[in-house]
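Only one structure is covered here, and it is reproduced in the block below.
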Amino acid sequence: MEFDALFNGFATFLSVKYILACLIGALLGTVIGVLPGLGPTTTMSLMLPFTASLDATFGIIMLTGILVGSQYGGSTTSVLVNIPGEAASVVSCLDGYQMAKKGRGGAALALVAVGSFIAGTVAIVGTQVFAPLLGSAALSFGPPEFLALMVLCFILLSNLSGDSPVKGSCMFALGLWLSAIGVGPLDGVARFSFGVDDLMLGIEFLPVAVGLFGISEILITAVVPYVPPVLEKIRFRDLYPNGEEVRRSAGPVARGSILGFFVGLVPGPATVIATFVSYALEKRVARRPEEFGRGAVEGLVGPESANNSACVGSMIPLLTLGIPFNAPSAVLLAGLLMHNVEPGPLLFQNAPQVFWTYIAALYIGNVVLLFLNLPLVGIFARVATIRPVILMPVVSTICLLGVYCSRNNLFDVWVMVAAGIAGVFFRIWRYPVAPLVVGLILGPMAENSFRKTLLMFHGSLMPMAERPIAVAILLAAAAFIVVKVVYYALRRRRAAV
Amino acid sequence: MRRVAASTGAWVWCILLFGLGLTIMISSLQIGFGRFTKPGPGLFPFICGLILAVQSIVLCLAGDAGSVKNDETLRHPGAAPKFLALMAVLVLWILAMPLFGWVALTFLATLAIAKIMAAEGWVKPLILAAVNCGFSYLLFGYLLAIDLPTGFWG
């Protein structure tokens, strides 16, 4: 572990400005994270244009704060009002709300906060150890290896998002095509611009992401009848868990931390998968599985720890390979690119301070959140009860302003609205939007590696079979397809019996 | 999962995706496919279009295109008119911004969105609209000095 580099990362923080960035990010992330529908991806997308005008370190620290903050925020409303702030907090409703109904809501939140802090810290240490190793291994990657990675990403993301792999692959392909609009990177030929000047510059990631996640949320929230949540009151003295609750939480936190970290390395909605896997695991190993769904503390702290650990772990592929495996890391990648920081194998050579500042931001963000969450839990819960009629006009202003400010261009705002309207229909018809966003971001890299590989091997992709890393990656993709086919076949056979 | 492959919506999705895929493929050929030894700018989008077209056929055959599993988003009473009204507000907001400027349009749009979302009375929506546009202008237009559209007010 490079302690000197880590200390340098912490040294960057020794300024009021950067501590403020972390505080603002964590606070914003938590506040917006508690709002139903506005998860980490939307929050980060909304804040992205505003960080562009700030210096790179400030922007990266703030985005990191938002990312970790929104993971905490989602659980507060799950426990207190039975409304998950984001998808990864759905599992927390099962036992968290039951605990709140028994008068243990405060203790549940305290355990979640401490558990998440421990899990977050474990995952940060894991990132610190594994990311540089993977980063140096990735230095030997050439266009064929990156092409193989793109194939793996395509297969995994299509299968892991939404209810149909075919729909996922359609959305990924759509994202890849959108990235090809505008002047091509290798030969300067305008593609699909139809003579429109603004299209020559290509479709920016930001308006599409804000539209798909933010505007579509506004449109859907506006048409769905509002049901005011019932808020469980929390007093400060209620925050203390009893001895038995602490004892029962230790194992789930440890298991959730490790499980979440490794699930985070898998492409797809890692935090959501981690919570469900952790819940199933805890139920299986629990001494009293019959308590699950009736306020079992293990059913709350295990998934919450896994959620936070997966959130941190999922950033490793982004930092080491430059490939976002899920939507929040795709937004973080956009943020880094906006600040001219290119994650990937060369990050550790060219800009190691960015990585270590990010790690330091995670550590400090985690500590800030622990101290922020417990005393302010009552206020955060109240935020969840703000009526959409007040919230949505403000959110739509933020979306418009954010996208407009990024390039001072109204065309981007049109793209955002179009993406928002399309997003509503995608969501109604269950077409996952995350693969589209990832496809849009990965498009240029996919095209570059594809064309360079063809040039390298004189028009054939077969010589890729002589590259061991590329072969290993392609075999992993094939293995995933085989596992999936076998799984479906077994399920169908069981259903027939 | 409810299979509704034969529903109108499912067919619309299949045709839409297939049509888009086909259009992309044809346009890509016009851009220039190149050769495999020297790939042109149309090759990559052609493959994207091909994936879209093929997968849309698979979607149709598998009956997956129209799985709307209990989704009632636009089926609530008054949902569709609200949705259309909100879309109209967003479009007008952007369309008229170069003419009337950020402040006036944001005030009107906030008011309109609040009223569409069934805000009671006029006083609270008016206050919300004034605070929203005032605060956003103060923060972005004044403090951060971002060049927001001013319209004919100059």
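Letters A, B, ... mark the chains of the structure tokens in the order given; residue numbers begin at 1 per chain; ligand numbers begin at 1, in order shown.
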What are the nearest atom pairs, with distances in Å to one decimal, for all residues of chain B that come at most 6 Å from chain A, using only C-alpha atoms, set out by chain and rising residue number as a tab-separated table?
```
residue	atom	partner	partner_atom	distance
B:Phe36	CA	A:Gly459	CA	4.2
B:Thr37	CA	A:Gly459	CA	3.8
B:Pro45	CA	A:Trp177	CA	5.6
B:Cys48	CA	A:Ala173	CA	5.2
B:Leu52	CA	A:Cys170	CA	5.4
B:Val68	CA	A:Trp429	CA	5.2
B:Ala79	CA	A:Val223	CA	4.8
B:Thr110	CA	A:Pro393	CA	5.2
B:Ile113	CA	A:Pro393	CA	6.0
B:Ala114	CA	A:Val389	CA	5.5
B:Met117	CA	A:Val389	CA	5.6
```
Checklist entry - Do you know which residues are at most 6 Å from stretch 123-131 of chain B counting only C-alpha atoms, after dropping those on the same chain fewer than 2 positions away, and could you put them as a ChimeraX atom specification? => result /B:107,110-111,133-135
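The space separating atom CA of A:Asn373 from atom CA of A:Ala113 comes to 7.1 Å.
With only C-alpha atoms as the atoms that count, the residue of B:Lys38, B:Thr150, B:Phe18, B:Leu50 with the shortest distance to B:Pro98 is B:Thr150.
Distance check against A:Asn409 using only C-alpha atoms: of A:Gly195, A:Gly25, A:Pro132, A:Pro207, the minimum falls on A:Pro207.
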Next on the checklist: If we count only C-alpha atoms and set the cut-off at 7 Å, which residues sit around A:Pro252, ignoring sequence neighbours fewer than 2 positions away in its own chain? Please answer as a list in words.
Outcome noted: Ser249, Ala250, Ala254, Arg255, Gly256, Glu282, Glu298, Val301 and Gly302 of chain A
If you keep N, CA, C and O atoms, can you produce a file of those selected residues as an mmCIF file, in the first residue's frame?
```cif
data_model
loop_
_atom_site.group_PDB
_atom_site.id
_atom_site.type_symbol
_atom_site.label_atom_id
_atom_site.label_comp_id
_atom_site.auth_asym_id
_atom_site.auth_seq_id
_atom_site.Cartn_x
_atom_site.Cartn_y
_atom_site.Cartn_z
ATOM 1 N N SER A 249 -25.605 -7.442 15.168
ATOM 2 C CA SER A 249 -25.222 -6.701 13.954
ATOM 3 C C SER A 249 -23.796 -6.998 13.490
ATOM 4 O O SER A 249 -23.475 -6.805 12.318
ATOM 5 N N ALA A 250 -22.940 -7.449 14.417
ATOM 6 C CA ALA A 250 -21.513 -7.586 14.096
ATOM 7 C C ALA A 250 -21.272 -8.492 12.888
ATOM 8 O O ALA A 250 -20.575 -8.106 11.939
ATOM 9 N N ALA A 254 -19.878 -7.492 8.996
ATOM 10 C CA ALA A 254 -18.631 -8.067 8.457
ATOM 11 C C ALA A 254 -18.902 -8.769 7.130
ATOM 12 O O ALA A 254 -18.191 -8.551 6.135
ATOM 13 N N ARG A 255 -19.951 -9.597 7.104
ATOM 14 C CA ARG A 255 -20.265 -10.333 5.861
ATOM 15 C C ARG A 255 -20.667 -9.372 4.751
ATOM 16 O O ARG A 255 -20.229 -9.496 3.607
ATOM 17 N N GLY A 256 -21.510 -8.392 5.108
ATOM 18 C CA GLY A 256 -21.976 -7.417 4.113
ATOM 19 C C GLY A 256 -20.831 -6.620 3.522
ATOM 20 O O GLY A 256 -20.806 -6.342 2.320
ATOM 21 N N GLU A 282 -28.032 -13.443 4.859
ATOM 22 C CA GLU A 282 -28.304 -13.271 6.291
ATOM 23 C C GLU A 282 -29.475 -14.137 6.742
ATOM 24 O O GLU A 282 -29.465 -14.690 7.844
ATOM 25 N N GLU A 298 -30.555 -8.087 11.605
ATOM 26 C CA GLU A 298 -29.606 -8.642 10.604
ATOM 27 C C GLU A 298 -30.069 -8.332 9.173
ATOM 28 O O GLU A 298 -29.256 -8.111 8.285
ATOM 29 N N VAL A 301 -29.017 -4.358 8.718
ATOM 30 C CA VAL A 301 -27.619 -3.891 8.699
ATOM 31 C C VAL A 301 -26.760 -4.633 7.674
ATOM 32 O O VAL A 301 -25.843 -4.040 7.094
ATOM 33 N N GLY A 302 -27.065 -5.911 7.433
ATOM 34 C CA GLY A 302 -26.293 -6.676 6.436
ATOM 35 C C GLY A 302 -26.403 -6.030 5.058
ATOM 36 O O GLY A 302 -25.386 -5.622 4.462
#
```
Distance query A:Ala131 at most 12 Å, only C-alpha atoms, self and fewer than 2 positions along chain excluded, as a JSON list (two decimals) with N, CA, C and O atoms, in the first residue's frame:
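File out.json, as written:
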```
[["chain", "number", "residue", "atom", "x", "y", "z"],
["A", 1, "MET", "N", 0.84, -1.19, 0.00],
["A", 1, "MET", "CA", 0.00, 0.00, 0.00],
["A", 1, "MET", "C", 0.88, 1.25, 0.00],
["A", 1, "MET", "O", 1.84, 1.29, 0.76],
["A", 2, "GLU", "N", 0.56, 2.21, -0.82],
["A", 2, "GLU", "CA", 1.40, 3.40, -0.90],
["A", 2, "GLU", "C", 0.93, 4.45, 0.10],
["A", 2, "GLU", "O", 0.07, 5.26, -0.20],
["A", 123, "ALA", "N", -14.24, -1.30, 2.33],
["A", 123, "ALA", "CA", -14.19, -1.22, 0.87],
["A", 123, "ALA", "C", -13.13, -0.23, 0.39],
["A", 123, "ALA", "O", -12.48, -0.45, -0.64],
["A", 124, "ILE", "N", -12.96, 0.84, 1.15],
["A", 124, "ILE", "CA", -11.93, 1.84, 0.76],
["A", 124, "ILE", "C", -10.55, 1.20, 0.85],
["A", 124, "ILE", "O", -9.70, 1.36, -0.04],
["A", 125, "VAL", "N", -10.32, 0.44, 1.95],
["A", 125, "VAL", "CA", -9.03, -0.24, 2.10],
["A", 125, "VAL", "C", -8.84, -1.22, 0.93],
["A", 125, "VAL", "O", -7.76, -1.29, 0.33],
["A", 126, "GLY", "N", -9.91, -1.94, 0.59],
["A", 126, "GLY", "CA", -9.86, -2.87, -0.54],
["A", 126, "GLY", "C", -9.52, -2.16, -1.84],
["A", 126, "GLY", "O", -8.68, -2.63, -2.63],
["A", 127, "THR", "N", -10.13, -1.00, -2.04],
["A", 127, "THR", "CA", -9.87, -0.22, -3.26],
["A", 127, "THR", "C", -8.42, 0.22, -3.29],
["A", 127, "THR", "O", -7.74, 0.15, -4.32],
["A", 128, "GLN", "N", -7.96, 0.66, -2.11],
["A", 128, "GLN", "CA", -6.58, 1.14, -1.98],
["A", 128, "GLN", "C", -5.58, 0.03, -2.35],
["A", 128, "GLN", "O", -4.55, 0.29, -2.96],
["A", 129, "VAL", "N", -5.90, -1.21, -1.98],
["A", 129, "VAL", "CA", -4.99, -2.32, -2.23],
["A", 129, "VAL", "C", -5.12, -2.82, -3.68],
["A", 129, "VAL", "O", -4.12, -2.98, -4.38],
["A", 133, "LEU", "N", -3.02, -2.39, -8.17],
["A", 133, "LEU", "CA", -2.57, -3.67, -8.74],
["A", 133, "LEU", "C", -3.24, -3.90, -10.10],
["A", 133, "LEU", "O", -2.58, -4.21, -11.09],
["A", 134, "LEU", "N", -4.56, -3.72, -10.10],
["A", 134, "LEU", "CA", -5.31, -3.93, -11.34],
["A", 134, "LEU", "C", -4.90, -2.89, -12.38],
["A", 134, "LEU", "O", -4.81, -3.18, -13.58],
["A", 135, "GLY", "N", -4.65, -1.68, -11.89],
["A", 135, "GLY", "CA", -4.25, -0.59, -12.79],
["A", 135, "GLY", "C", -2.94, -0.92, -13.49],
["A", 135, "GLY", "O", -2.79, -0.71, -14.70],
["A", 136, "SER", "N", -1.97, -1.47, -12.73],
["A", 136, "SER", "CA", -0.69, -1.78, -13.37],
["A", 136, "SER", "C", -0.83, -2.97, -14.31],
["A", 136, "SER", "O", -0.16, -3.03, -15.35],
["A", 137, "ALA", "N", -1.72, -3.91, -13.98],
["A", 137, "ALA", "CA", -1.96, -5.04, -14.89],
["A", 137, "ALA", "C", -2.59, -4.54, -16.19],
["A", 137, "ALA", "O", -2.28, -5.02, -17.28],
["A", 138, "ALA", "N", -3.47, -3.53, -16.04],
["A", 138, "ALA", "CA", -4.18, -3.02, -17.21],
["A", 138, "ALA", "C", -3.28, -2.21, -18.14],
["A", 138, "ALA", "O", -3.68, -1.89, -19.26],
["A", 265, "LEU", "N", -17.47, -5.23, -7.89],
["A", 265, "LEU", "CA", -16.55, -5.39, -9.04],
["A", 265, "LEU", "C", -17.26, -5.94, -10.27],
["A", 265, "LEU", "O", -16.69, -5.97, -11.36],
["A", 312, "VAL", "N", -18.49, 1.64, -3.14],
["A", 312, "VAL", "CA", -17.07, 1.99, -3.24],
["A", 312, "VAL", "C", -16.34, 1.02, -4.18],
["A", 312, "VAL", "O", -15.58, 1.44, -5.06],
["A", 313, "GLY", "N", -16.63, -0.28, -4.02],
["A", 313, "GLY", "CA", -15.97, -1.29, -4.85],
["A", 313, "GLY", "C", -16.23, -1.12, -6.33],
["A", 313, "GLY", "O", -15.37, -1.39, -7.17],
["A", 314, "SER", "N", -17.44, -0.63, -6.66],
["A", 314, "SER", "CA", -17.81, -0.51, -8.08],
["A", 314, "SER", "C", -16.99, 0.56, -8.80],
["A", 314, "SER", "O", -17.04, 0.66, -10.03],
["A", 315, "MET", "N", -16.24, 1.35, -8.03],
["A", 315, "MET", "CA", -15.42, 2.39, -8.65],
["A", 315, "MET", "C", -14.07, 1.84, -9.13],
["A", 315, "MET", "O", -13.36, 2.52, -9.87],
["A", 316, "ILE", "N", -13.71, 0.64, -8.70],
["A", 316, "ILE", "CA", -12.41, 0.08, -9.10],
["A", 316, "ILE", "C", -12.31, -0.10, -10.62],
["A", 316, "ILE", "O", -11.33, 0.34, -11.22],
["A", 317, "PRO", "N", -13.31, -0.74, -11.27],
["A", 317, "PRO", "CA", -13.19, -0.87, -12.73],
["A", 317, "PRO", "C", -13.09, 0.48, -13.44],
["A", 317, "PRO", "O", -12.39, 0.61, -14.43],
["A", 318, "LEU", "N", -13.79, 1.48, -12.88],
["A", 318, "LEU", "CA", -13.74, 2.81, -13.49],
["A", 318, "LEU", "C", -12.34, 3.40, -13.38],
["A", 318, "LEU", "O", -11.77, 3.90, -14.36],
["A", 319, "LEU", "N", -11.77, 3.32, -12.19],
["A", 319, "LEU", "CA", -10.47, 3.96, -11.97],
["A", 319, "LEU", "C", -9.34, 3.22, -12.68],
["A", 319, "LEU", "O", -8.40, 3.84, -13.17],
["A", 320, "THR", "N", -9.42, 1.89, -12.73],
["A", 320, "THR", "CA", -8.30, 1.13, -13.27],
["A", 320, "THR", "C", -8.40, 0.90, -14.77],
["A", 320, "THR", "O", -7.41, 0.88, -15.47],
["A", 321, "LEU", "N", -9.64, 0.68, -15.27],
["A", 321, "LEU", "CA", -9.80, 0.37, -16.69],
["A", 321, "LEU", "C", -10.43, 1.53, -17.46],
["A", 321, "LEU", "O", -10.47, 1.52, -18.69],
["A", 322, "GLY", "N", -10.97, 2.50, -16.72],
["A", 322, "GLY", "CA", -11.66, 3.63, -17.38],
["A", 322, "GLY", "C", -13.03, 3.22, -17.87],
["A", 322, "GLY", "O", -13.60, 3.87, -18.73],
["A", 343, "PRO", "N", -9.62, 8.53, -16.35],
["A", 343, "PRO", "CA", -9.34, 7.32, -15.59],
["A", 343, "PRO", "C", -8.94, 6.18, -16.51],
["A", 343, "PRO", "O", -9.28, 6.19, -17.69],
["A", 344, "GLY", "N", -8.26, 5.20, -15.97],
["A", 344, "GLY", "CA", -7.80, 4.08, -16.77],
["A", 344, "GLY", "C", -6.41, 3.68, -16.33],
["A", 344, "GLY", "O", -5.90, 4.20, -15.33],
["A", 345, "PRO", "N", -5.80, 2.75, -17.06],
["A", 345, "PRO", "CA", -4.49, 2.25, -16.64],
["A", 345, "PRO", "C", -3.45, 3.35, -16.44],
["A", 345, "PRO", "O", -2.58, 3.24, -15.57],
["A", 347, "LEU", "N", -3.91, 6.31, -15.35],
["A", 347, "LEU", "CA", -4.22, 7.24, -14.25],
["A", 347, "LEU", "C", -3.14, 7.19, -13.16],
["A", 347, "LEU", "O", -2.73, 8.20, -12.62],
["A", 348, "PHE", "N", -2.68, 5.95, -12.87],
["A", 348, "PHE", "CA", -1.71, 5.78, -11.78],
["A", 348, "PHE", "C", -0.32, 6.28, -12.17],
["A", 348, "PHE", "O", 0.51, 6.52, -11.32],
["A", 352, "PRO", "N", -1.51, 10.19, -10.37],
["A", 352, "PRO", "CA", -1.82, 9.37, -9.18],
["A", 352, "PRO", "C", -2.49, 10.17, -8.07],
["A", 352, "PRO", "O", -3.26, 9.64, -7.28],
["A", 355, "PHE", "N", -6.24, 9.76, -7.91],
["A", 355, "PHE", "CA", -6.71, 8.54, -7.27],
["A", 355, "PHE", "C", -6.64, 8.66, -5.75],
["A", 355, "PHE", "O", -7.60, 8.34, -5.04],
["A", 356, "TRP", "N", -5.49, 9.14, -5.25],
["A", 356, "TRP", "CA", -5.32, 9.20, -3.80],
["A", 356, "TRP", "C", -6.19, 10.28, -3.18],
["A", 356, "TRP", "O", -6.64, 10.14, -2.03],
["A", 358, "TYR", "N", -9.11, 10.95, -4.33],
["A", 358, "TYR", "CA", -10.42, 10.29, -4.33],
["A", 358, "TYR", "C", -10.54, 9.36, -3.11],
["A", 358, "TYR", "O", -11.56, 9.35, -2.42],
["A", 359, "ILE", "N", -9.48, 8.59, -2.85],
["A", 359, "ILE", "CA", -9.49, 7.68, -1.70],
["A", 359, "ILE", "C", -9.63, 8.48, -0.40],
["A", 359, "ILE", "O", -10.43, 8.14, 0.48]]
```
Next on the checklist: List the spatial neighbours of B:Leu92 as JSON, numbers by chain - criterion: any atom at most 10 Å away, only C-alpha atoms, same-chain residues fewer than 6 positions off excluded.
Outcome noted: {"B": [86, 105, 109]}
Per residue of stretch 65-163 of chain A within 12 Å of stretch 285-291 of chain A, which atom pair is closest and at what distance in Å (one decimal), using only C-alpha atoms, listed by chain and increasing number, as a tab-separated table?
```
residue	atom	partner	partner_atom	distance
A:Leu94	CA	A:Glu291	CA	10.9
A:Asp95	CA	A:Glu291	CA	8.9
A:Gln98	CA	A:Glu291	CA	10.4
A:Met99	CA	A:Glu291	CA	11.0
```
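Atom CA of A:Thr57 is found 26.2 Å from atom CA of A:Ala270.
Across the model, the gap from atom CA of B:Ala80 to atom CA of B:Trp122 is 23.6 Å.
Among the candidates B:Ile15, B:Leu29, B:Ile116, B:Ala10, the one nearest to B:Phe83 when counting only C-alpha atoms is B:Ile116.
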Item to check | Nearby residues (only C-alpha atoms) at most 8 Å from A:Asn308, same-chain spacing under 3 positions excluded, as a count of residues only | outcome: 13
Checklist outcome for this item: Nearest to A:Ile155, restricted to only C-alpha atoms and choosing among A:Phe325, A:Phe141, A:Tyr363, A:Phe292, comes out as A:Phe325
Item to check | Members of chain B assigned alpha helix (DSSP H) by DSSP, as a PyMOL selection string | outcome: chain B and resi 8-31+43-62+79-116+123-136
